[in-house]
Structure formats: structure tokens, C-alpha cells
>>> print(open('query-v1.cif').read())   # mmCIF, C-alpha atoms
data_query
#
loop_
_atom_site.group_PDB
_atom_site.id
_atom_site.type_symbol
_atom_site.label_atom_id
_atom_site.label_comp_id
_atom_site.auth_asym_id
_atom_site.auth_seq_id
_atom_site.Cartn_x
_atom_site.Cartn_y
_atom_site.Cartn_z
ATOM 1 C CA MET A 1 115.200 115.767 120.426
ATOM 2 C CA SER A 2 113.148 116.959 117.495
ATOM 3 C CA ALA A 3 111.554 120.340 116.963
ATOM 4 C CA PRO A 4 109.053 121.242 119.720
ATOM 5 C CA ALA A 5 106.351 121.985 117.142
ATOM 6 C CA ALA A 6 105.925 118.282 116.452
ATOM 7 C CA ALA A 7 105.872 117.162 120.077
ATOM 8 C CA HIS A 8 102.105 117.162 120.533
ATOM 9 C CA TYR A 9 101.082 114.353 118.230
ATOM 10 C CA ASP A 10 99.453 111.220 119.596
ATOM 11 C CA ALA A 11 102.119 108.741 118.515
ATOM 12 C CA ARG A 12 104.555 110.525 120.806
ATOM 13 C CA LEU A 13 102.398 111.511 123.771
ATOM 14 C CA GLY A 14 98.987 109.880 123.519
ATOM 15 C CA TYR A 15 100.077 106.307 124.197
ATOM 16 C CA GLN A 16 102.504 106.856 127.054
ATOM 17 C CA THR A 17 100.128 106.425 129.992
ATOM 18 C CA LEU A 18 97.240 104.466 128.517
ATOM 19 C CA ASP A 19 95.869 101.169 129.815
ATOM 20 C CA ALA A 20 97.851 98.936 127.464
ATOM 21 C CA ARG A 21 95.898 95.749 128.212
ATOM 22 C CA ARG A 22 92.619 97.514 127.508
ATOM 23 C CA TYR A 23 94.118 98.876 124.292
ATOM 24 C CA GLU A 24 95.088 95.377 123.160
ATOM 25 C CA ARG A 25 91.669 93.936 124.008
ATOM 26 C CA ARG A 26 89.962 96.739 122.095
ATOM 27 C CA ARG A 27 92.314 96.488 119.119
ATOM 28 C CA TYR A 28 92.576 92.700 118.802
ATOM 29 C CA GLY A 29 89.946 91.191 121.090
ATOM 30 C CA SER A 30 87.099 90.385 118.707
ATOM 31 C CA LEU A 31 86.982 87.595 116.138
ATOM 32 C CA VAL A 32 86.950 90.074 113.250
ATOM 33 C CA ARG A 33 89.882 92.036 114.646
ATOM 34 C CA ARG A 34 91.879 88.842 115.194
ATOM 35 C CA LEU A 35 91.175 87.910 111.576
ATOM 36 C CA ASN A 36 92.421 91.355 110.538
ATOM 37 C CA LEU A 37 95.611 90.696 112.485
ATOM 38 C CA ARG A 38 96.122 87.361 110.697
ATOM 39 C CA LEU A 39 95.613 89.095 107.327
ATOM 40 C CA LEU A 40 98.118 91.759 108.328
ATOM 41 C CA GLU A 41 100.637 89.092 109.325
ATOM 42 C CA ARG A 42 100.163 87.380 105.964
ATOM 43 C CA ALA A 43 100.923 90.655 104.156
ATOM 44 C CA LEU A 44 103.905 91.324 106.412
ATOM 45 C CA GLY A 45 105.188 87.834 105.649
ATOM 46 C CA ARG A 46 105.138 88.585 101.934
ATOM 47 C CA ALA A 47 106.938 91.864 102.501
ATOM 48 C CA LEU A 48 109.620 90.203 104.661
ATOM 49 C CA GLY A 49 110.221 87.387 102.192
ATOM 50 C CA GLY A 50 113.797 88.465 101.454
ATOM 51 C CA VAL A 51 114.887 88.723 105.094
ATOM 52 C CA ALA A 52 116.807 85.581 106.031
ATOM 53 C CA PRO A 53 115.989 83.626 109.205
ATOM 54 C CA GLY A 54 118.302 84.456 112.078
ATOM 55 C CA GLY A 55 118.366 88.155 111.311
ATOM 56 C CA VAL A 56 117.751 90.705 114.036
ATOM 57 C CA VAL A 57 114.805 92.950 113.201
ATOM 58 C CA LEU A 58 113.506 96.047 114.944
ATOM 59 C CA ASP A 59 109.779 96.166 115.708
ATOM 60 C CA ALA A 60 109.155 99.879 116.201
ATOM 61 C CA PRO A 61 106.823 100.779 117.710
ATOM 62 C CA CYS A 62 106.235 97.328 119.118
ATOM 63 C CA GLY A 63 103.212 98.268 121.238
ATOM 64 C CA THR A 64 102.271 95.316 123.438
ATOM 65 C CA GLY A 65 104.444 92.976 121.376
ATOM 66 C CA ILE A 66 101.534 91.606 119.365
ATOM 67 C CA LEU A 67 103.759 90.834 116.338
ATOM 68 C CA THR A 68 106.553 89.133 118.289
ATOM 69 C CA GLY A 69 105.207 85.581 117.925
ATOM 70 C CA PHE A 70 104.672 86.016 114.186
ATOM 71 C CA LEU A 71 108.202 87.374 113.664
ATOM 72 C CA ARG A 72 109.783 84.641 115.775
ATOM 73 C CA ALA A 73 107.871 81.993 113.815
ATOM 74 C CA ARG A 74 109.693 83.281 110.718
ATOM 75 C CA GLY A 75 113.002 82.614 112.459
ATOM 76 C CA LEU A 76 113.720 86.269 113.148
ATOM 77 C CA ARG A 77 115.183 87.693 116.331
ATOM 78 C CA VAL A 78 113.248 90.707 117.543
ATOM 79 C CA VAL A 79 114.153 93.920 119.325
ATOM 80 C CA GLY A 80 111.026 95.765 120.420
ATOM 81 C CA ALA A 81 110.958 99.537 120.834
ATOM 82 C CA ASP A 82 108.204 101.886 121.944
ATOM 83 C CA ILE A 83 107.887 105.297 123.558
ATOM 84 C CA SER A 84 105.150 104.072 125.912
ATOM 85 C CA PRO A 85 106.195 102.531 129.246
ATOM 86 C CA ALA A 86 102.715 101.020 129.526
ATOM 87 C CA MET A 87 103.017 99.263 126.182
ATOM 88 C CA LEU A 88 106.535 98.043 126.933
ATOM 89 C CA ALA A 89 105.461 96.585 130.276
ATOM 90 C CA VAL A 90 102.991 94.280 128.506
ATOM 91 C CA ALA A 91 105.460 93.497 125.707
ATOM 92 C CA ARG A 92 108.104 92.465 128.247
ATOM 93 C CA GLU A 93 105.636 90.129 129.943
ATOM 94 C CA ARG A 94 104.915 88.565 126.547
ATOM 95 C CA GLY A 95 108.659 87.927 126.115
ATOM 96 C CA GLY A 96 110.234 86.245 123.131
ATOM 97 C CA THR A 97 112.532 89.094 122.109
ATOM 98 C CA VAL A 98 116.222 89.879 122.265
ATOM 99 C CA GLY A 99 115.188 92.887 124.343
ATOM 100 C CA HIS A 100 112.992 95.953 124.647
ATOM 101 C CA VAL A 101 114.023 99.594 124.518
ATOM 102 C CA ARG A 102 112.065 102.725 125.321
ATOM 103 C CA ALA A 103 112.725 104.979 122.343
ATOM 104 C CA ASP A 104 111.440 108.071 120.590
ATOM 105 C CA LEU A 105 111.370 107.087 116.926
ATOM 106 C CA GLU A 106 112.105 110.645 115.871
ATOM 107 C CA ALA A 107 115.499 110.210 117.538
ATOM 108 C CA PRO A 108 116.209 106.444 117.530
ATOM 109 C CA PRO A 109 119.141 105.451 119.757
ATOM 110 C CA TRP A 110 120.797 102.974 117.353
ATOM 111 C CA ARG A 111 123.523 103.312 114.770
ATOM 112 C CA GLY A 112 122.618 103.079 111.124
ATOM 113 C CA GLY A 113 122.431 99.663 109.510
ATOM 114 C CA GLY A 114 122.227 97.737 112.764
ATOM 115 C CA PHE A 115 119.171 95.638 111.845
ATOM 116 C CA ALA A 116 118.362 93.244 109.046
ATOM 117 C CA ALA A 117 115.000 94.999 108.671
ATOM 118 C CA VAL A 118 112.738 97.445 110.482
ATOM 119 C CA ILE A 119 109.019 96.741 110.898
ATOM 120 C CA SER A 120 106.819 99.726 111.709
ATOM 121 C CA SER A 121 103.134 98.886 112.069
ATOM 122 C CA ARG A 122 100.305 101.278 112.970
ATOM 123 C CA PHE A 123 102.633 104.265 113.367
ATOM 124 C CA LEU A 124 103.212 106.372 110.272
ATOM 125 C CA MET A 125 99.623 107.556 109.880
ATOM 126 C CA HIS A 126 99.748 109.056 113.389
ATOM 127 C CA LEU A 127 102.541 111.397 112.318
ATOM 128 C CA PRO A 128 101.962 114.903 110.987
ATOM 129 C CA SER A 129 102.561 114.747 107.235
ATOM 130 C CA ALA A 130 105.239 117.438 107.462
ATOM 131 C CA ILE A 131 107.563 115.212 109.492
ATOM 132 C CA ARG A 132 106.707 111.807 107.983
ATOM 133 C CA PRO A 133 109.512 111.852 105.343
ATOM 134 C CA ARG A 134 112.103 112.654 108.016
ATOM 135 C CA VAL A 135 110.894 109.818 110.245
ATOM 136 C CA LEU A 136 110.808 107.445 107.263
ATOM 137 C CA ALA A 137 114.424 108.321 106.484
ATOM 138 C CA GLY A 138 115.445 107.794 110.098
ATOM 139 C CA LEU A 139 113.773 104.386 110.397
ATOM 140 C CA ALA A 140 115.124 103.222 107.039
ATOM 141 C CA SER A 141 118.660 104.231 108.046
ATOM 142 C CA LEU A 142 118.560 101.638 110.832
ATOM 143 C CA ALA A 143 118.091 98.730 108.402
ATOM 144 C CA ARG A 144 120.539 97.011 106.075
ATOM 145 C CA GLY A 145 117.486 95.612 104.314
ATOM 146 C CA PRO A 146 113.945 96.926 104.016
ATOM 147 C CA LEU A 147 111.771 99.192 106.082
ATOM 148 C CA VAL A 148 108.426 97.362 106.154
ATOM 149 C CA ALA A 149 105.636 99.648 107.275
ATOM 150 C CA THR A 150 101.870 99.991 107.257
ATOM 151 C CA VAL A 151 99.985 102.956 105.815
ATOM 152 C CA CYS A 152 96.292 103.657 105.320
ATOM 153 C CA HIS A 153 94.944 104.318 101.821
ATOM 154 C CA PRO A 154 91.586 105.509 100.408
ATOM 155 C CA TYR A 155 90.957 102.760 97.842
ATOM 156 C CA THR A 156 88.265 100.864 99.732
ATOM 157 C CA ALA A 157 84.512 100.486 99.730
ATOM 158 C CA LYS A 158 84.432 102.136 103.167
ATOM 159 C CA SER A 159 86.285 105.218 101.938
ATOM 160 C CA LEU A 160 83.993 105.448 98.916
ATOM 161 C CA GLY A 161 80.944 105.264 101.165
ATOM 162 C CA ARG A 162 82.275 108.032 103.401
ATOM 163 C CA ALA A 163 83.034 110.219 100.381
ATOM 164 C CA LEU A 164 79.485 109.749 99.084
ATOM 165 C CA ARG A 165 78.052 110.689 102.479
ATOM 166 C CA ARG A 166 80.096 113.885 102.535
ATOM 167 C CA ALA A 167 79.084 114.642 98.924
ATOM 168 C CA VAL A 168 75.413 114.731 99.877
ATOM 169 C CA GLY A 169 76.043 116.839 102.969
ATOM 170 C CA LEU A 170 76.065 114.088 105.595
ATOM 171 C CA ARG A 171 78.676 113.732 108.297
ATOM 172 C CA ALA A 172 81.300 111.049 107.826
ATOM 173 C CA LYS A 173 84.556 110.255 109.573
ATOM 174 C CA GLN A 174 87.598 111.596 107.757
ATOM 175 C CA SER A 175 90.913 110.059 108.790
ATOM 176 C CA PRO A 176 94.343 110.599 107.224
ATOM 177 C CA ARG A 177 94.860 108.463 104.118
ATOM 178 C CA LEU A 178 97.654 108.342 101.524
ATOM 179 C CA THR A 179 97.069 107.810 97.831
ATOM 180 C CA ARG A 180 99.681 105.809 95.937
ATOM 181 C CA ALA A 181 101.062 109.039 94.444
ATOM 182 C CA GLU A 182 101.229 110.776 97.843
ATOM 183 C CA LEU A 183 102.983 107.774 99.363
ATOM 184 C CA ALA A 184 105.536 107.633 96.541
ATOM 185 C CA ASP A 185 106.156 111.375 96.915
ATOM 186 C CA GLU A 186 106.787 111.146 100.655
ATOM 187 C CA VAL A 187 109.118 108.187 100.186
ATOM 188 C CA ALA A 188 111.038 110.043 97.460
ATOM 189 C CA ARG A 189 111.335 113.136 99.693
ATOM 190 C CA ALA A 190 112.896 110.853 102.299
ATOM 191 C CA GLY A 191 115.534 109.860 99.726
ATOM 192 C CA LEU A 192 114.153 106.331 99.571
ATOM 193 C CA VAL A 193 112.552 104.002 97.040
ATOM 194 C CA LEU A 194 109.054 102.520 97.282
ATOM 195 C CA GLU A 195 109.764 98.967 96.191
ATOM 196 C CA ARG A 196 106.455 97.233 96.789
ATOM 197 C CA VAL A 197 102.911 97.743 98.045
ATOM 198 C CA VAL A 198 101.154 94.688 99.516
ATOM 199 C CA PRO A 199 97.386 95.108 100.079
ATOM 200 C CA VAL A 200 96.147 93.446 103.262
ATOM 201 C CA LEU A 201 92.737 92.764 101.669
ATOM 202 C CA PRO A 202 91.868 94.605 98.429
ATOM 203 C CA LEU A 203 88.801 96.879 98.554
ATOM 204 C CA LEU A 204 87.996 95.911 102.152
ATOM 205 C CA SER A 205 91.065 96.710 104.249
ATOM 206 C CA GLU A 206 92.330 100.287 104.427
ATOM 207 C CA VAL A 207 95.847 99.035 105.195
ATOM 208 C CA TRP A 208 98.773 98.554 102.858
ATOM 209 C CA VAL A 209 102.044 96.958 103.870
ATOM 210 C CA VAL A 210 104.793 98.824 102.040
ATOM 211 C CA VAL A 211 108.403 97.840 101.393
ATOM 212 C CA ILE A 212 110.785 100.798 101.361
ATOM 213 C CA ARG A 213 114.498 100.646 100.655
ATOM 214 C CA HIS A 214 117.531 102.874 100.330
ATOM 215 C CA SER A 215 117.971 104.193 96.817
ATOM 216 C CA ASP A 216 121.353 102.438 96.490
ATOM 217 C CA SER A 217 120.084 99.002 97.645
#
>>> encode(input="query-v1.cif", output="C-alpha cells")
Amino acid sequence: MSAPAAAHYDARLGYQTLDARRYERRRYGSLVRRLNLRLLERALGRALGGVAPGGVVLDAPCGTGILTGFLRARGLRVVGADISPAMLAVARERGGTVGHVRADLEAPPWRGGGFAAVISSRFLMHLPSAIRPRVLAGLASLARGPLVATVCHPYTAKSLGRALRRAVGLRAKQSPRLTRAELADEVARAGLVLERVVPVLPLLSEVWVVVIRHSDS
């Protein structure tokens, strides 16, 4: 287990007992949110371009298994992992994987290099920044190929609007975001290389899909 100081964060504890079906409806239920998912899948497809069909990939955290159909359509075999029993219950009903494993991604239960690639969507930005490089290194160690992950960045019209509101003294939501330099620094501190950044939708989407590799790849 990891240091107790990190144990409080939402990615570890906040999703364990939630209503997973309600979560999925809220996250992907509307037309706009389904379009966002398709755009994310398109970016993930570009990032996974070098992973050959037939390879076994780890989807971690897999949540309700929302990416399983997309990954299978690319000819990949999927192992889904999540810390949340509620999420895994829905993912298992969805099926289509080699299997599902309940796992804490700070202490993944697999040997290094066991997967052709690791996909980690909607996870890293939940982590405290102090532990993100360590978790990046751990996830990357599981893959012979790339770690393909999502991060949130500030280079959007929405972020600019929020910054302007704060500048004139108005309240505006402030969520964790990584600049390109901050992302590169965290990846380097993990002993890894930031190979590629794939925008989901320039200026409109706050999400990047990033391709991270071992420095000796």
C-alpha cells in the first residue's frame, strides 16, 4: 500500500460506493457528452496507432467499461481494472473483455511489461500532483508499448473565460489543469518521455490524450 497521506483523494475513495449507472448517465447520457466521447475515442485511436491488433491492453481505471467497445473494435483484447466495486459490476455486465480486476493503481498487481499498452482515461487529474509522477511511472512500467492517458489543460476558450472572470473579481470554477511545460516536467520526473500530445478538440475541449513511453523505447 502507498503512504497514508495520499489515501484520501477521490480517485481512490470517492468512486468506490457510488451509483455507477447514474454516474454513466450523467457523464455520457446527453447528445453533447456522447459526442465528446466519440471525439475522445478518435484521439485515443490516433494515440494507439502503433499498437498492433491482437495485443492485450489494460484499461485502468476502466470505470463502467465505456471504452471497451471502442478498444475491441480496434482488434485489441482488454483487461479492465478499477478500484470501485460499483464500477466493475457495470463493466462486467457490459462484457467484452479478457477479464476485470479490482486494483489500486498506486499498487497495481501485475508484473512489469505484461501489456501491449496501458490506457488511463479520466484518472490522472484526480491525483494529488505530488504523487502523479510515481503513479505515471507505475502505470508505464506495466506496458511494453505506450501509456496512453488523458490530462486536462488550460488552453481553451473556457479556461480563458474563467481567468477573465477571476481577474475582475468574479467567482469562477478553478479545477486542476496542466500546462505543456508542467506535463513534460511531471513525465520527466517519472523517468519517462512525453512522445505526443493529441488534442481532443483544439480550443474547445480541455482534454489532451498523451502518449508516454519509457526513455529507452
>>> residues_around(input="query-v1.cif", residues="Gly95 in chain A", least_positions_apart="2", cutoff="12 Å", atoms="only C-alpha atoms", output="number ranges by chain")
A: 62, 64-69, 72, 77-80, 88-93, 97-100
>>> atom_distance(input="query-v1.cif", atom1="CA of Arg177 in chain A", atom2="CA of Gly50 in chain A")
27.7 Å
>>> atom_distance(input="query-v1.cif", atom1="CA of Pro108 in chain A", atom2="CA of Asp82 in chain A")
10.2 Å
>>> residues_around(input="query-v1.cif", residues="range 51-60 of chain A", least_positions_apart="3", cutoff="8 Å", atoms="all atoms listed in the file", output="list of chain:residue names")
A:Leu48, A:Gly63, A:Arg74, A:Gly75, A:Leu76, A:Arg77, A:Val78, A:Val79, A:Gly80, A:Ala81, A:Asp82, A:Leu105, A:Phe115, A:Ala116, A:Ala117, A:Val118, A:Ile119, A:Ser120, A:Ser121, A:Gly145
>>> closest_residue(input="query-v1.cif", among="A:Ala163, A:Leu31, A:Val211, A:Leu201", to="Val148 in chain A", atoms="all atoms listed in the file")
A:Val211
>>> atom_distance(input="query-v1.cif", atom1="CA of Ala47 in chain A", atom2="CA of Val197 in chain A")
8.4 Å
>>> closest_residue(input="query-v1.cif", among="A:Pro61, A:Thr150, A:Ala86, A:Leu127", to="Arg21 in chain A", atoms="all atoms listed in the file")
A:Ala86
>>> closest_residue(input="query-v1.cif", among="A:Lys158, A:Val210, A:Leu183, A:Gly169", to="Leu44 in chain A", atoms="only C-alpha atoms")
A:Val210
>>> residues_around(input="query-v1.cif", residues="Pro109 in chain A", least_positions_apart="3", cutoff="12 Å", atoms="all atoms listed in the file", output="JSON, numbers by chain")
{"A": [1, 58, 60, 81, 82, 83, 101, 102, 103, 104, 105, 106, 112, 114, 138, 139, 141, 142]}
>>> closest_residue(input="query-v1.cif", among="A:Pro133, A:Gly161, A:Pro128, A:Pro154", to="Val193 in chain A", atoms="all atoms listed in the file")
A:Pro133
>>> closest_residue(input="query-v1.cif", among="A:Gly29, A:Pro199, A:Gly45, A:Pro85", to="Tyr155 in chain A", atoms="all atoms listed in the file")
A:Pro199
>>> resolve_selection(input="query-v1.cif", expression="the PyMOL selection byres ((chain A and resi 200) around 10)", output="list in words")
Asn36, Leu37, Arg38, Leu39, Leu40, Glu41, Arg42, Ala43, Leu44, Thr150, Val197, Val198, Pro199, Leu201, Pro202, Leu203, Leu204, Ser205, Glu206, Val207, Trp208 and Val209 of chain A
>>> closest_residue(input="query-v1.cif", among="A:Val187, A:Gly49, A:Arg25, A:Arg111", to="Ala143 in chain A", atoms="all atoms listed in the file")
A:Arg111
>>> residues_around(input="query-v1.cif", residues="Ala190 in chain A", least_positions_apart="2", cutoff="8 Å", atoms="all atoms listed in the file", output="list in words")
Pro133, Arg134, Leu136, Ala137, Glu186, Val187, Ala188 and Leu192 of chain A
>>> residues_near_point(input="query-v1.cif", point="(94.4, 102.8, 127.2)", cutoff="12 Å", atoms="only C-alpha atoms", output="VMD selection string")
chain A and resid 14 to 27 63 to 64 84 to 87
>>> decode(input="query-v1.cif", residues="range 83-192 of chain A", atoms="C-alpha atoms", output="compact mmCIF listing (two decimals), in the first residue's frame")
# COMPACT_ATOMS: atom_id res chain seq x y z
CA ILE A 83 -10.79 0.27 -7.52
CA SER A 84 -14.58 0.68 -7.41
CA PRO A 85 -16.71 -2.46 -6.98
CA ALA A 86 -19.71 -0.47 -8.22
CA MET A 87 -17.97 0.49 -11.44
CA LEU A 88 -16.68 -3.03 -12.01
CA ALA A 89 -20.15 -4.52 -11.55
CA VAL A 90 -21.44 -2.47 -14.50
CA ALA A 91 -18.30 -3.13 -16.56
CA ARG A 92 -18.68 -6.89 -16.06
CA GLU A 93 -22.29 -6.72 -17.24
CA ARG A 94 -21.09 -4.88 -20.36
CA GLY A 95 -18.65 -7.74 -21.04
CA GLY A 96 -16.30 -7.93 -23.98
CA THR A 97 -13.06 -8.15 -22.01
CA VAL A 98 -10.49 -10.79 -21.17
CA GLY A 99 -11.38 -10.07 -17.55
CA HIS A 100 -11.82 -7.48 -14.82
CA VAL A 101 -9.68 -6.93 -11.75
CA ARG A 102 -10.26 -4.77 -8.70
CA ALA A 103 -7.00 -2.89 -8.30
CA ASP A 104 -5.47 0.12 -6.59
CA LEU A 105 -3.46 1.80 -9.33
CA GLU A 106 -0.92 3.05 -6.81
CA ALA A 107 -0.02 -0.61 -6.24
CA PRO A 108 -1.00 -2.46 -9.45
CA PRO A 109 -0.98 -6.25 -9.08
CA TRP A 110 0.73 -7.09 -12.40
CA ARG A 111 4.32 -7.67 -13.38
CA GLY A 112 6.08 -5.09 -15.48
CA GLY A 113 5.72 -5.26 -19.25
CA GLY A 114 2.69 -7.53 -19.22
CA PHE A 115 0.53 -5.42 -21.56
CA ALA A 116 0.95 -4.13 -25.08
CA ALA A 117 -0.28 -0.73 -23.85
CA VAL A 118 -2.00 0.87 -20.88
CA ILE A 119 -4.93 3.26 -21.36
CA SER A 120 -5.73 5.54 -18.44
CA SER A 121 -8.66 7.88 -19.06
CA ARG A 122 -10.15 10.40 -16.62
CA PHE A 123 -7.78 9.44 -13.80
CA LEU A 124 -4.54 11.40 -13.58
CA MET A 125 -6.13 14.77 -12.86
CA HIS A 126 -7.81 13.31 -9.76
CA LEU A 127 -4.41 12.56 -8.24
CA PRO A 128 -2.55 14.94 -5.95
CA SER A 129 0.27 16.45 -8.01
CA ALA A 130 2.87 15.21 -5.52
CA ILE A 131 2.15 11.56 -6.32
CA ARG A 132 1.30 11.84 -10.03
CA PRO A 133 4.87 11.13 -11.29
CA ARG A 134 5.07 7.98 -9.16
CA VAL A 135 1.72 6.72 -10.46
CA LEU A 136 2.74 7.57 -14.04
CA ALA A 137 5.91 5.52 -13.60
CA GLY A 138 3.96 2.61 -12.16
CA LEU A 139 1.39 2.54 -14.96
CA ALA A 140 4.04 2.91 -17.66
CA SER A 141 6.02 0.01 -16.19
CA LEU A 142 3.11 -2.32 -16.97
CA ALA A 143 3.31 -1.66 -20.72
CA ARG A 144 5.77 -2.88 -23.34
CA GLY A 145 4.45 -0.08 -25.52
CA PRO A 146 2.88 3.25 -24.64
CA LEU A 147 0.98 4.60 -21.68
CA VAL A 148 -1.92 6.49 -23.29
CA ALA A 149 -3.58 8.82 -20.83
CA THR A 150 -5.85 11.83 -20.64
CA VAL A 151 -4.96 15.09 -18.89
CA CYS A 152 -6.73 18.43 -18.64
CA HIS A 153 -5.02 21.58 -19.92
CA PRO A 154 -5.78 25.33 -19.71
CA TYR A 155 -5.53 26.24 -23.40
CA THR A 156 -9.24 26.63 -24.11
CA ALA A 157 -11.79 29.37 -24.53
CA LYS A 158 -13.49 28.16 -21.34
CA SER A 159 -10.31 28.47 -19.30
CA LEU A 160 -9.68 31.94 -20.72
CA GLY A 161 -13.20 33.00 -19.79
CA ARG A 162 -12.77 31.74 -16.23
CA ALA A 163 -9.44 33.54 -15.90
CA LEU A 164 -11.03 36.80 -17.06
CA ARG A 165 -13.85 36.40 -14.54
CA ARG A 166 -11.35 35.91 -11.73
CA ALA A 167 -9.31 38.90 -12.97
CA VAL A 168 -12.26 41.23 -12.49
CA GLY A 169 -13.10 39.81 -9.07
CA LEU A 170 -15.89 37.42 -10.07
CA ARG A 171 -16.15 33.84 -8.91
CA ALA A 172 -15.18 31.15 -11.39
CA LYS A 173 -14.56 27.43 -11.08
CA GLN A 174 -10.88 26.55 -10.80
CA SER A 175 -10.03 22.91 -11.50
CA PRO A 176 -6.59 21.31 -11.76
CA ARG A 177 -5.01 21.85 -15.18
CA LEU A 178 -1.54 21.06 -16.56
CA THR A 179 0.33 23.32 -18.94
CA ARG A 180 2.50 21.64 -21.57
CA ALA A 181 5.62 22.51 -19.54
CA GLU A 182 4.13 21.16 -16.29
CA LEU A 183 3.10 17.95 -18.03
CA ALA A 184 6.55 17.46 -19.55
CA ASP A 185 8.14 18.09 -16.14
CA GLU A 186 5.97 15.51 -14.39
CA VAL A 187 6.64 12.94 -17.10
CA ALA A 188 10.40 13.59 -16.88
CA ARG A 189 10.29 13.23 -13.07
CA ALA A 190 8.68 9.83 -13.64
CA GLY A 191 11.70 8.85 -15.75
CA LEU A 192 9.57 8.77 -18.89
